[in-house]
$ cat target-v3.pdb   # PDB, C-alpha atoms and all ligand atoms
MODEL        1
ATOM      1  CA  MET A   1      39.112  26.779  20.495
ATOM      2  CA  ALA A   2      39.607  25.699  16.883
ATOM      3  CA  ASN A   3      43.011  27.403  16.522
ATOM      4  CA  PRO A   4      45.407  26.737  19.416
ATOM      5  CA  HIS A   5      48.380  27.927  17.329
ATOM      6  CA  PHE A   6      47.619  31.676  17.174
ATOM      7  CA  GLY A   7      50.516  34.021  17.871
ATOM      8  CA  LYS A   8      53.223  31.341  17.593
ATOM      9  CA  ILE A   9      56.314  32.051  15.469
ATOM     10  CA  SER A  10      54.711  30.209  12.564
ATOM     11  CA  ASP A  11      51.821  32.702  12.651
ATOM     12  CA  VAL A  12      54.311  35.560  12.786
ATOM     13  CA  TRP A  13      55.955  34.493   9.532
ATOM     14  CA  LYS A  14      52.656  33.680   7.783
ATOM     15  CA  HIS A  15      51.054  36.960   8.816
ATOM     16  CA  ALA A  16      54.155  39.083   8.138
ATOM     17  CA  ALA A  17      54.251  37.788   4.553
ATOM     18  CA  LEU A  18      50.472  38.107   4.130
ATOM     19  CA  GLY A  19      50.540  41.688   5.436
ATOM     20  CA  GLU A  20      53.286  42.577   2.951
ATOM     21  CA  VAL A  21      51.305  41.090   0.070
ATOM     22  CA  LEU A  22      48.100  42.920   1.066
ATOM     23  CA  GLU A  23      49.906  46.215   1.503
ATOM     24  CA  ARG A  24      51.783  46.051  -1.799
ATOM     25  CA  GLU A  25      49.088  44.508  -4.011
ATOM     26  CA  PRO A  26      45.691  45.142  -2.421
ATOM     27  CA  PRO A  27      43.137  42.801  -4.015
ATOM     28  CA  ALA A  28      39.588  43.747  -5.031
ATOM     29  CA  TRP A  29      38.366  40.626  -3.233
ATOM     30  CA  TYR A  30      39.920  38.459  -0.502
ATOM     31  CA  ALA A  31      38.911  34.842   0.139
ATOM     32  CA  GLU A  32      40.163  32.613   2.921
ATOM     33  CA  THR A  33      39.499  28.861   3.188
ATOM     34  CA  HIS A  34      40.503  28.355   6.852
ATOM     35  CA  ALA A  35      39.888  31.773   8.382
ATOM     36  CA  GLY A  36      39.929  30.950  12.107
ATOM     37  CA  SER A  37      38.685  33.585  14.559
ATOM     38  CA  GLY A  38      39.088  37.310  14.076
ATOM     39  CA  ALA A  39      41.251  37.786  17.155
ATOM     40  CA  TYR A  40      42.578  35.765  20.086
ATOM     41  CA  ALA A  41      43.292  36.817  23.670
ATOM     42  CA  VAL A  42      47.100  36.784  23.994
ATOM     43  CA  VAL A  43      48.421  34.310  26.537
ATOM     44  CA  HIS A  44      51.899  34.686  28.047
ATOM     45  CA  ASP A  45      53.236  31.175  27.555
ATOM     46  CA  PRO A  46      56.623  30.105  26.082
ATOM     47  CA  GLU A  47      55.225  29.778  22.536
ATOM     48  CA  ARG A  48      53.827  33.320  22.433
ATOM     49  CA  GLU A  49      56.809  34.734  24.345
ATOM     50  CA  PHE A  50      58.952  33.327  21.488
ATOM     51  CA  GLY A  51      56.390  34.212  18.818
ATOM     52  CA  ILE A  52      54.441  37.450  18.706
ATOM     53  CA  LEU A  53      55.703  38.924  21.998
ATOM     54  CA  ARG A  54      59.401  38.579  21.140
ATOM     55  CA  PHE A  55      58.663  39.744  17.579
ATOM     56  CA  LEU A  56      57.119  43.001  18.790
ATOM     57  CA  GLU A  57      60.028  43.542  21.167
ATOM     58  CA  VAL A  58      62.832  43.047  18.622
ATOM     59  CA  ALA A  59      61.158  44.275  15.409
ATOM     60  CA  PRO A  60      62.048  47.971  15.964
ATOM     61  CA  ARG A  61      65.766  47.046  15.630
ATOM     62  CA  PHE A  62      65.382  45.475  12.151
ATOM     63  CA  ALA A  63      64.318  47.862   9.398
ATOM     64  CA  ALA A  64      62.278  45.417   7.288
ATOM     65  CA  LEU A  65      60.340  44.221  10.335
ATOM     66  CA  ALA A  66      59.997  47.688  11.833
ATOM     67  CA  GLN A  67      58.512  49.117   8.634
ATOM     68  CA  SER A  68      56.210  46.181   7.936
ATOM     69  CA  ARG A  69      52.464  46.662   7.927
ATOM     70  CA  TYR A  70      52.165  43.444   9.950
ATOM     71  CA  ARG A  71      54.128  44.913  12.837
ATOM     72  CA  ALA A  72      51.945  48.033  12.881
ATOM     73  CA  VAL A  73      48.683  46.066  12.789
ATOM     74  CA  ALA A  74      49.782  43.405  15.284
ATOM     75  CA  ALA A  75      51.090  46.050  17.698
ATOM     76  CA  SER A  76      47.826  47.987  17.478
ATOM     77  CA  TYR A  77      45.854  44.935  18.641
ATOM     78  CA  VAL A  78      48.353  43.397  21.087
ATOM     79  CA  LYS A  79      49.412  46.586  22.847
ATOM     80  CA  GLY A  80      47.478  49.464  24.369
ATOM     81  CA  GLY A  81      45.514  47.277  26.785
ATOM     82  CA  ARG A  82      43.692  45.334  24.081
ATOM     83  CA  GLY A  83      45.770  42.179  24.493
ATOM     84  CA  LEU A  84      44.449  40.620  21.288
ATOM     85  CA  TYR A  85      46.324  38.798  18.560
ATOM     86  CA  PRO A  86      44.787  39.460  15.107
ATOM     87  CA  GLY A  87      44.316  36.363  12.950
ATOM     88  CA  SER A  88      44.843  36.439   9.198
ATOM     89  CA  ALA A  89      41.268  37.454   8.362
ATOM     90  CA  LEU A  90      41.313  40.387  10.786
ATOM     91  CA  LEU A  91      44.730  41.395   9.443
ATOM     92  CA  ALA A  92      43.224  41.465   5.940
ATOM     93  CA  MET A  93      40.089  43.321   7.080
ATOM     94  CA  THR A  94      42.230  45.901   8.901
ATOM     95  CA  VAL A  95      44.676  46.465   6.026
ATOM     96  CA  LEU A  96      42.099  46.476   3.206
ATOM     97  CA  GLY A  97      38.936  47.828   4.864
ATOM     98  CA  ASN A  98      36.155  48.589   2.418
ATOM     99  CA  ALA A  99      38.538  48.628  -0.555
ATOM    100  CA  SER A 100      37.965  44.861  -0.798
ATOM    101  CA  SER A 101      35.125  42.390  -0.452
ATOM    102  CA  TYR A 102      35.589  39.226   1.622
ATOM    103  CA  LEU A 103      34.686  35.549   1.638
ATOM    104  CA  LEU A 104      35.763  34.054   4.964
ATOM    105  CA  CYS A 105      35.177  30.331   5.607
ATOM    106  CA  ASP A 106      35.524  28.149   8.668
ATOM    107  CA  LEU A 107      33.815  25.052  10.085
ATOM    108  CA  ASP A 108      33.942  26.262  13.690
ATOM    109  CA  PRO A 109      30.817  28.165  14.869
ATOM    110  CA  GLU A 110      32.768  30.140  17.493
ATOM    111  CA  SER A 111      35.220  31.373  14.845
ATOM    112  CA  ILE A 112      32.331  32.308  12.545
ATOM    113  CA  THR A 113      30.634  34.348  15.275
ATOM    114  CA  ASP A 114      33.872  36.179  16.043
ATOM    115  CA  LEU A 115      34.570  36.960  12.367
ATOM    116  CA  ARG A 116      31.054  38.392  11.950
ATOM    117  CA  ARG A 117      31.499  40.520  15.051
ATOM    118  CA  TRP A 118      34.760  41.996  13.676
ATOM    119  CA  SER A 119      33.209  42.607  10.286
ATOM    120  CA  ARG A 120      30.473  44.641  11.997
ATOM    121  CA  GLU A 121      32.937  46.438  14.263
ATOM    122  CA  LEU A 122      35.048  47.504  11.269
ATOM    123  CA  GLY A 123      31.939  48.578   9.348
ATOM    124  CA  LEU A 124      32.682  46.367   6.335
ATOM    125  CA  ARG A 125      30.097  46.638   3.577
ATOM    126  CA  SER A 126      30.822  43.382   1.756
ATOM    127  CA  CYS A 127      31.997  40.611   4.049
ATOM    128  CA  GLU A 128      30.519  37.137   3.645
ATOM    129  CA  VAL A 129      31.368  34.799   6.539
ATOM    130  CA  VAL A 130      30.308  31.208   5.910
ATOM    131  CA  GLU A 131      30.317  28.123   8.106
ATOM    132  CA  THR A 132      31.281  25.625   5.446
ATOM    133  CA  ASP A 133      34.156  23.706   3.868
ATOM    134  CA  GLY A 134      36.516  26.439   2.686
ATOM    135  CA  MET A 135      37.906  24.538  -0.291
ATOM    136  CA  ALA A 136      34.448  24.011  -1.814
ATOM    137  CA  ALA A 137      33.300  27.586  -1.140
ATOM    138  CA  VAL A 138      36.438  29.196  -2.593
ATOM    139  CA  ALA A 139      36.423  26.882  -5.627
ATOM    140  CA  ALA A 140      32.829  27.956  -6.322
ATOM    141  CA  ARG A 141      33.850  31.612  -5.944
ATOM    142  CA  LEU A 142      36.672  31.158  -8.458
ATOM    143  CA  ASP A 143      34.125  29.878 -10.992
ATOM    144  CA  GLY A 144      31.923  32.934 -10.564
ATOM    145  CA  GLU A 145      34.338  35.751  -9.767
ATOM    146  CA  GLY A 146      34.859  38.441 -12.372
ATOM    147  CA  HIS A 147      35.366  41.630 -10.391
ATOM    148  CA  GLY A 148      39.017  42.559 -10.593
ATOM    149  CA  PRO A 149      42.059  40.862  -9.135
ATOM    150  CA  GLY A 150      41.449  38.722  -6.087
ATOM    151  CA  LEU A 151      43.608  36.980  -3.521
ATOM    152  CA  VAL A 152      43.010  33.536  -2.006
ATOM    153  CA  HIS A 153      44.645  32.647   1.296
ATOM    154  CA  ILE A 154      44.772  28.899   2.006
ATOM    155  CA  ASP A 155      45.933  27.986   5.500
ATOM    156  CA  PRO A 156      45.284  24.282   6.121
ATOM    157  CA  PHE A 157      46.746  22.475   9.098
ATOM    158  CA  ASP A 158      46.042  19.167   7.319
ATOM    159  CA  PRO A 159      46.930  19.614   3.621
ATOM    160  CA  ASP A 160      45.373  16.256   2.663
ATOM    161  CA  ASP A 161      42.008  16.878   4.298
ATOM    162  CA  ARG A 162      39.174  17.075   1.775
ATOM    163  CA  ALA A 163      35.397  16.896   1.731
ATOM    164  CA  PRO A 164      34.045  13.845  -0.180
ATOM    165  CA  GLY A 165      34.645  14.518  -3.884
ATOM    166  CA  GLY A 166      36.191  17.908  -3.107
ATOM    167  CA  TYR A 167      39.599  19.538  -3.458
ATOM    168  CA  SER A 168      42.513  19.076  -1.090
ATOM    169  CA  ALA A 169      44.167  22.335  -0.050
ATOM    170  CA  LEU A 170      47.078  21.826  -2.477
ATOM    171  CA  GLU A 171      44.762  20.946  -5.360
ATOM    172  CA  LEU A 172      42.781  24.115  -4.713
ATOM    173  CA  ALA A 173      46.045  26.085  -4.524
ATOM    174  CA  ALA A 174      46.982  24.776  -7.994
ATOM    175  CA  ARG A 175      43.578  25.832  -9.311
ATOM    176  CA  VAL A 176      43.957  29.289  -7.841
ATOM    177  CA  ALA A 177      47.466  29.645  -9.272
ATOM    178  CA  ASP A 178      46.369  28.437 -12.723
ATOM    179  CA  SER A 179      43.443  30.878 -12.730
ATOM    180  CA  GLY A 180      45.814  33.856 -12.394
ATOM    181  CA  THR A 181      44.355  34.731  -8.978
ATOM    182  CA  ARG A 182      46.876  35.751  -6.331
ATOM    183  CA  LEU A 183      47.694  33.001  -3.862
ATOM    184  CA  VAL A 184      49.121  32.883  -0.352
ATOM    185  CA  TYR A 185      49.479  29.276   0.833
ATOM    186  CA  TRP A 186      50.789  28.181   4.271
ATOM    187  CA  TYR A 187      52.364  24.806   5.084
ATOM    188  CA  GLY A 188      54.130  23.255   8.057
ATOM    189  CA  TYR A 189      56.361  20.263   8.707
ATOM    190  CA  ASP A 190      57.982  18.209  11.443
ATOM    191  CA  GLU A 191      61.412  17.181  10.072
ATOM    192  CA  PRO A 192      64.326  19.128   8.509
ATOM    193  CA  GLY A 193      64.217  16.952   5.367
ATOM    194  CA  GLU A 194      60.753  18.348   4.633
ATOM    195  CA  GLN A 195      61.979  21.910   4.049
ATOM    196  CA  ALA A 196      59.863  23.557   1.299
ATOM    197  CA  TRP A 197      57.986  20.271   0.682
ATOM    198  CA  ALA A 198      54.747  22.010  -0.293
ATOM    199  CA  HIS A 199      56.554  24.152  -2.869
ATOM    200  CA  ARG A 200      57.949  21.041  -4.556
ATOM    201  CA  LYS A 201      54.523  19.398  -4.511
ATOM    202  CA  LEU A 202      52.589  22.434  -5.730
ATOM    203  CA  ALA A 203      55.110  22.964  -8.543
ATOM    204  CA  THR A 204      54.076  19.548  -9.914
ATOM    205  CA  LEU A 205      50.403  20.606  -9.909
ATOM    206  CA  THR A 206      50.600  24.043 -11.558
ATOM    207  CA  ARG A 207      52.624  25.729 -14.291
ATOM    208  CA  ALA A 208      52.281  29.119 -12.612
ATOM    209  CA  PRO A 209      55.542  30.635 -11.296
ATOM    210  CA  LEU A 210      55.802  30.205  -7.528
ATOM    211  CA  TRP A 211      57.832  31.832  -4.759
ATOM    212  CA  CYS A 212      58.392  30.053  -1.453
ATOM    213  CA  GLY A 213      59.740  31.429   1.831
ATOM    214  CA  ASP A 214      60.628  28.651   4.280
ATOM    215  CA  VAL A 215      61.625  28.894   7.945
ATOM    216  CA  LEU A 216      63.324  25.900   9.603
ATOM    217  CA  VAL A 217      63.749  25.926  13.383
ATOM    218  CA  THR A 218      67.283  24.774  14.204
ATOM    219  CA  GLY A 219      68.924  23.848  17.502
ATOM    220  CA  ALA A 220      70.948  21.227  19.304
ATOM    221  CA  SER A 221      68.310  18.498  19.376
ATOM    222  CA  ASN A 222      68.041  15.901  16.612
ATOM    223  CA  ALA A 223      64.784  14.472  17.926
ATOM    224  CA  PRO A 224      61.849  14.595  15.475
ATOM    225  CA  GLY A 225      59.640  17.617  15.946
ATOM    226  CA  ASP A 226      55.867  17.979  16.146
ATOM    227  CA  LEU A 227      54.811  21.397  14.896
ATOM    228  CA  GLY A 228      51.236  20.823  16.033
ATOM    229  CA  HIS A 229      52.553  20.461  19.573
ATOM    230  CA  ALA A 230      55.555  22.762  19.877
ATOM    231  CA  THR A 231      58.079  24.929  18.048
ATOM    232  CA  THR A 232      61.108  22.648  18.327
ATOM    233  CA  PRO A 233      64.306  22.083  16.293
ATOM    234  CA  GLY A 234      63.465  20.295  13.070
ATOM    235  CA  THR A 235      60.002  21.787  12.749
ATOM    236  CA  GLY A 236      59.353  24.385  10.104
ATOM    237  CA  PHE A 237      56.794  26.291   8.124
ATOM    238  CA  GLY A 238      56.533  28.325   4.976
ATOM    239  CA  VAL A 239      54.505  30.501   2.687
ATOM    240  CA  ILE A 240      54.067  30.034  -1.061
ATOM    241  CA  LEU A 241      53.043  32.921  -3.320
ATOM    242  CA  ALA A 242      51.665  32.794  -6.853
ATOM    243  CA  ASN A 243      50.636  35.515  -9.316
ATOM    244  CA  LEU A 244      52.333  38.257  -7.319
ATOM    245  CA  GLN A 245      54.983  40.685  -8.514
ATOM    246  CA  ALA A 246      58.671  39.923  -8.121
ATOM    247  CA  ASP A 247      59.049  43.043  -5.947
ATOM    248  CA  THR A 248      56.471  41.671  -3.533
ATOM    249  CA  ALA A 249      58.289  38.346  -3.289
ATOM    250  CA  GLY A 250      61.531  40.295  -2.818
ATOM    251  CA  ALA A 251      59.990  42.272   0.053
ATOM    252  CA  CYS A 252      58.817  39.013   1.656
ATOM    253  CA  ALA A 253      62.354  37.610   1.306
ATOM    254  CA  ALA A 254      63.701  40.708   3.075
ATOM    255  CA  LEU A 255      61.193  40.113   5.884
ATOM    256  CA  GLY A 256      62.191  36.451   6.167
ATOM    257  CA  ASN A 257      65.885  37.305   6.332
ATOM    258  CA  ALA A 258      65.212  40.013   8.931
ATOM    259  CA  LEU A 259      63.157  37.554  10.993
ATOM    260  CA  SER A 260      66.059  35.110  10.923
ATOM    261  CA  ASP A 261      68.469  37.866  12.031
ATOM    262  CA  ALA A 262      66.093  39.033  14.758
ATOM    263  CA  TYR A 263      65.906  35.513  16.208
ATOM    264  CA  ALA A 264      69.635  34.680  16.033
ATOM    265  CA  ASP A 265      70.585  32.578  19.064
ATOM    266  CA  ALA A 266      67.160  32.996  20.631
ATOM    267  CA  VAL A 267      65.879  30.736  23.401
ATOM    268  CA  LEU A 268      63.319  28.382  21.863
ATOM    269  CA  PRO A 269      59.993  27.774  23.648
ATOM    270  CA  GLY A 270      61.444  24.533  25.080
ATOM    271  CA  GLY A 271      64.268  26.467  26.791
ATOM    272  CA  CYS A 272      67.214  25.546  24.498
ATOM    273  CA  PRO A 273      69.038  27.971  22.182
ATOM    274  CA  GLY A 274      68.081  27.877  18.534
ATOM    275  CA  ASN A 275      67.780  29.795  15.288
ATOM    276  CA  LEU A 276      65.364  30.367  12.443
ATOM    277  CA  ALA A 277      66.951  29.374   9.120
ATOM    278  CA  PHE A 278      65.237  31.262   6.295
ATOM    279  CA  THR A 279      65.493  30.126   2.666
ATOM    280  CA  SER A 280      63.585  31.207  -0.394
ATOM    281  CA  SER A 281      63.092  29.410  -3.696
ATOM    282  CA  THR A 282      61.254  29.921  -6.961
ATOM    283  CA  SER A 283      59.836  27.655  -9.633
ATOM    284  CA  GLY A 284      58.054  28.068 -12.961
ATOM    285  CA  SER A 285      58.837  30.197 -15.950
ATOM    286  CA  GLY A 286      59.508  33.466 -14.134
ATOM    287  CA  ASN A 287      60.046  34.969 -10.730
ATOM    288  CA  GLY A 288      56.796  36.656  -9.884
ATOM    289  CA  ARG A 289      54.262  38.121 -12.291
TER     290      ARG A 289
HETATM  291  C1  LIG B   1      45.119  27.357  11.887
HETATM  292  S1  LIG B   1      43.437  27.858  11.986
HETATM  293  C2  LIG B   1      43.352  29.203  10.878
HETATM  294  C3  LIG B   1      44.158  30.380  11.260
HETATM  295  C4  LIG B   1      44.011  31.599  10.395
HETATM  296  N1  LIG B   1      44.024  31.307   8.967
HETATM  297  C5  LIG B   1      45.112  32.574  10.718
HETATM  298  O1  LIG B   1      46.155  32.562  10.052
HETATM  299  O2  LIG B   1      44.960  33.359  11.665
HETATM  300  C6  LIG B   1      42.634  26.615  11.068
HETATM  301  C7  LIG B   1      41.119  26.794  11.000
HETATM  302  O3  LIG B   1      40.647  25.944   9.957
HETATM  303  C8  LIG B   1      39.342  25.551  10.289
HETATM  304  N2  LIG B   1      39.047  24.433   9.388
HETATM  305  C9  LIG B   1      39.494  23.161   9.430
HETATM  306  N3  LIG B   1      39.052  22.459   8.349
HETATM  307  C10 LIG B   1      38.333  23.349   7.585
HETATM  308  C11 LIG B   1      37.647  23.261   6.337
HETATM  309  N4  LIG B   1      37.615  22.125   5.644
HETATM  310  N5  LIG B   1      37.023  24.360   5.861
HETATM  311  C12 LIG B   1      37.040  25.523   6.572
HETATM  312  N6  LIG B   1      37.685  25.667   7.750
HETATM  313  C13 LIG B   1      38.324  24.596   8.252
HETATM  314  C14 LIG B   1      39.413  25.282  11.770
HETATM  315  O4  LIG B   1      38.129  25.357  12.367
HETATM  316  C15 LIG B   1      40.353  26.388  12.237
HETATM  317  O5  LIG B   1      39.625  27.519  12.699
ENDMDL
END
$ encode --input "target-v3.pdb" --output "structure tokens"
Amino acid sequence: MANPHFGKISDVWKHAALGEVLEREPPAWYAETHAGSGAYAVVHDPEREFGILRFLEVAPRFAALAQSRYRAVAASYVKGGRGLYPGSALLAMTVLGNASSYLLCDLDPESITDLRRWSRELGLRSCEVVETDGMAAVAARLDGEGHGPGLVHIDPFDPDDRAPGGYSALELAARVADSGTRLVYWYGYDEPGEQAWAHRKLATLTRAPLWCGDVLVTGASNAPGDLGHATTPGTGFGVILANLQADTAGACAALGNALSDAYADAVLPGGCPGNLAFTSSTSGSGNGR
């Protein structure tokens, strides 16, 4: 499978913030560079027990999480015998339905087939699913798009990866931000010193105001982490927003703080106690649109 990370705590934060953005500022078109599959069969391993399964268990006790659209959508797919975790594209398709058109890109044929199946199942009228480099396809869409406000979601595991002569994920993010199009950008890291690294980097590439919500996994260990392998102390992940309203960023900050509270003194997937340290930061000439 092209996405072994589905349903981990990093997905929970990314998808909680994305769901909030989609709910509060529904775009006329939604484009995703690294869409992944529509849904994934939930496995009961330590990463998902800590990630989506613990989230659904504790969310009802924390108002911001309980009321979030993400919790409602995730619960509707995970529970009730379905046992599926919705990826970001299916989250968007479920929240927006036919109020939006879609451009969903991935290089993995299995993910493409699954996305097309979900598009049919949800009866979407305008959903283009393309097996191609997402940066090139979304850049081309930005050049041609003129149909109301859109949102681009960029979710690269390797931020430096690029097709020959093409954009890296961060370069495309800067182009999206500069164009006035709404942006949701995910990043990860393996050491505490890298907290909010992508925000600092993107702020050097665009003049658009940015908001960043960062989650650092903390715990007793000082060993370097490896986010691609496991959710361990010192690993972290975050979401950067551009061209969204300050209220939307504020709602995402409330979600991040609630997530941190909901995971206070939790047992990390590796078996040791740990916490999720949430911080938010802004850059540019204003805070939100
Ligand atoms: C982490 S998964 C995406 C998860 C999804 N965005 C979500 O949040 O549920 C990353 C996906 O990127 C795809 N991918 C990697 N390089 C790509 C590229 N250059 N263009 C499009 N897709 C790419 C992989 O096949 C994989 O399915």
$ residues_near_ligand --input "target-v3.pdb" --ligand "ligand LIG 1 (chain B)" --cutoff "9 Å" --atoms "all atoms listed in the file" --output "NGL selection string"
:A and (1-7 or 11 or 14-15 or 32-39 or 85-91 or 104-112 or 130-137 or 153-158 or 161-163 or 168-169 or 186)
$ closest_residue --input "target-v3.pdb" --among "A:Cys272, A:Ala223, A:Ala92, A:Ala31" --to "Ser119 (chain A)" --atoms "all atoms listed in the file"
A:Ala92
$ resolve_selection --input "target-v3.pdb" --expression "the PyMOL selection byres (((chain A and resi 83) around 9) and not hetatm)" --output "MDAnalysis selection string"
chainID A and resid 40:43 77:82 84:85
$ residues_near_point --input "target-v3.pdb" --point "(54.4, 35.1, -9.3)" --cutoff "12 Å" --atoms "only C-alpha atoms" --output "number ranges by chain"
A: 21, 177-178, 180-184, 206-212, 240-250, 281-289
$ axis_aligned_box --input "target-v3.pdb" --around "region 210-229 of chain A" --padding-each-side "3 Å" --output "JSON"
{"center_x": 61.1, "center_y": 23.2, "center_z": 6.0, "size_x": 25.7, "size_y": 23.4, "size_z": 33.1}
$ residues_near_point --input "target-v3.pdb" --point "(57.8, 24.5, 0.1)" --cutoff "9 Å" --atoms "all atoms listed in the file" --output "PyMOL selection string"
chain A and resi 186-188+194-202+211-214+237-240+280-281
$ write_last_selection --input "target-v3.pdb" --atoms "C-alpha atoms" --output "PDB file, in the frame of the given file"
ATOM      1  CA  TRP A 186      50.789  28.181   4.271  1.00  0.00           C
ATOM      2  CA  TYR A 187      52.364  24.806   5.084  1.00  0.00           C
ATOM      3  CA  GLY A 188      54.130  23.255   8.057  1.00  0.00           C
ATOM      4  CA  GLU A 194      60.753  18.348   4.633  1.00  0.00           C
ATOM      5  CA  GLN A 195      61.979  21.910   4.049  1.00  0.00           C
ATOM      6  CA  ALA A 196      59.863  23.557   1.299  1.00  0.00           C
ATOM      7  CA  TRP A 197      57.986  20.271   0.682  1.00  0.00           C
ATOM      8  CA  ALA A 198      54.747  22.010  -0.293  1.00  0.00           C
ATOM      9  CA  HIS A 199      56.554  24.152  -2.869  1.00  0.00           C
ATOM     10  CA  ARG A 200      57.949  21.041  -4.556  1.00  0.00           C
ATOM     11  CA  LYS A 201      54.523  19.398  -4.511  1.00  0.00           C
ATOM     12  CA  LEU A 202      52.589  22.434  -5.730  1.00  0.00           C
ATOM     13  CA  TRP A 211      57.832  31.832  -4.759  1.00  0.00           C
ATOM     14  CA  CYS A 212      58.392  30.053  -1.453  1.00  0.00           C
ATOM     15  CA  GLY A 213      59.740  31.429   1.831  1.00  0.00           C
ATOM     16  CA  ASP A 214      60.628  28.651   4.280  1.00  0.00           C
ATOM     17  CA  PHE A 237      56.794  26.291   8.124  1.00  0.00           C
ATOM     18  CA  GLY A 238      56.533  28.325   4.976  1.00  0.00           C
ATOM     19  CA  VAL A 239      54.505  30.501   2.687  1.00  0.00           C
ATOM     20  CA  ILE A 240      54.067  30.034  -1.061  1.00  0.00           C
ATOM     21  CA  SER A 280      63.585  31.207  -0.394  1.00  0.00           C
ATOM     22  CA  SER A 281      63.092  29.410  -3.696  1.00  0.00           C
TER      23      SER A 281
END
$ resolve_selection --input "target-v3.pdb" --expression "the PyMOL selection byres (((chain A and resi 254) around 12) and not hetatm)" --output "number ranges by chain"
A: 13, 16-17, 20, 62-68, 213, 247-253, 255-261, 278-280
$ resolve_selection --input "target-v3.pdb" --expression "the PyMOL selection byres (((chain A and resi 216) around 6) and not hetatm)" --output "list in words"
Val215, Val217, Gly236, Leu276 and Ala277 of chain A
$ closest_residue --input "target-v3.pdb" --among "A:Leu124, A:Pro233, A:Gly150, A:Lys8" --to "Ser179 (chain A)" --atoms "all atoms listed in the file"
A:Gly150
$ atom_distance --input "target-v3.pdb" --atom1 "CA of Val138 (chain A)" --atom2 "CA of Arg175 (chain A)"
10.4 Å
$ atom_distance --input "target-v3.pdb" --atom1 "CA of Ala59 (chain A)" --atom2 "CA of Ala220 (chain A)"
25.3 Å
$ closest_residue --input "target-v3.pdb" --among "A:Arg48, A:Thr94, A:Val176, A:Ser101" --to "Val152 (chain A)" --atoms "all atoms listed in the file"
A:Val176
$ atom_distance --input "target-v3.pdb" --atom1 "CA of Leu115 (chain A)" --atom2 "CA of Leu151 (chain A)"
18.3 Å
$ closest_residue --input "target-v3.pdb" --among "A:Tyr167, A:Phe55, A:Phe50, A:Trp118" --to "Gly271 (chain A)" --atoms "all atoms listed in the file"
A:Phe50
$ residues_around --input "target-v3.pdb" --residues "Val95 (chain A)" --least-positions-apart "5" --cutoff "10 Å" --atoms "only C-alpha atoms" --output "list in words"
Gly19, Glu20, Leu22, Glu23, Pro26, Arg69, Tyr70, Val73, Ala89, Leu90 and Ser100 of chain A
$ closest_residue --input "target-v3.pdb" --among "A:Leu103, A:Ala75, A:Ala264, A:Val12" --to "Ala28 (chain A)" --atoms "all atoms listed in the file"
A:Leu103
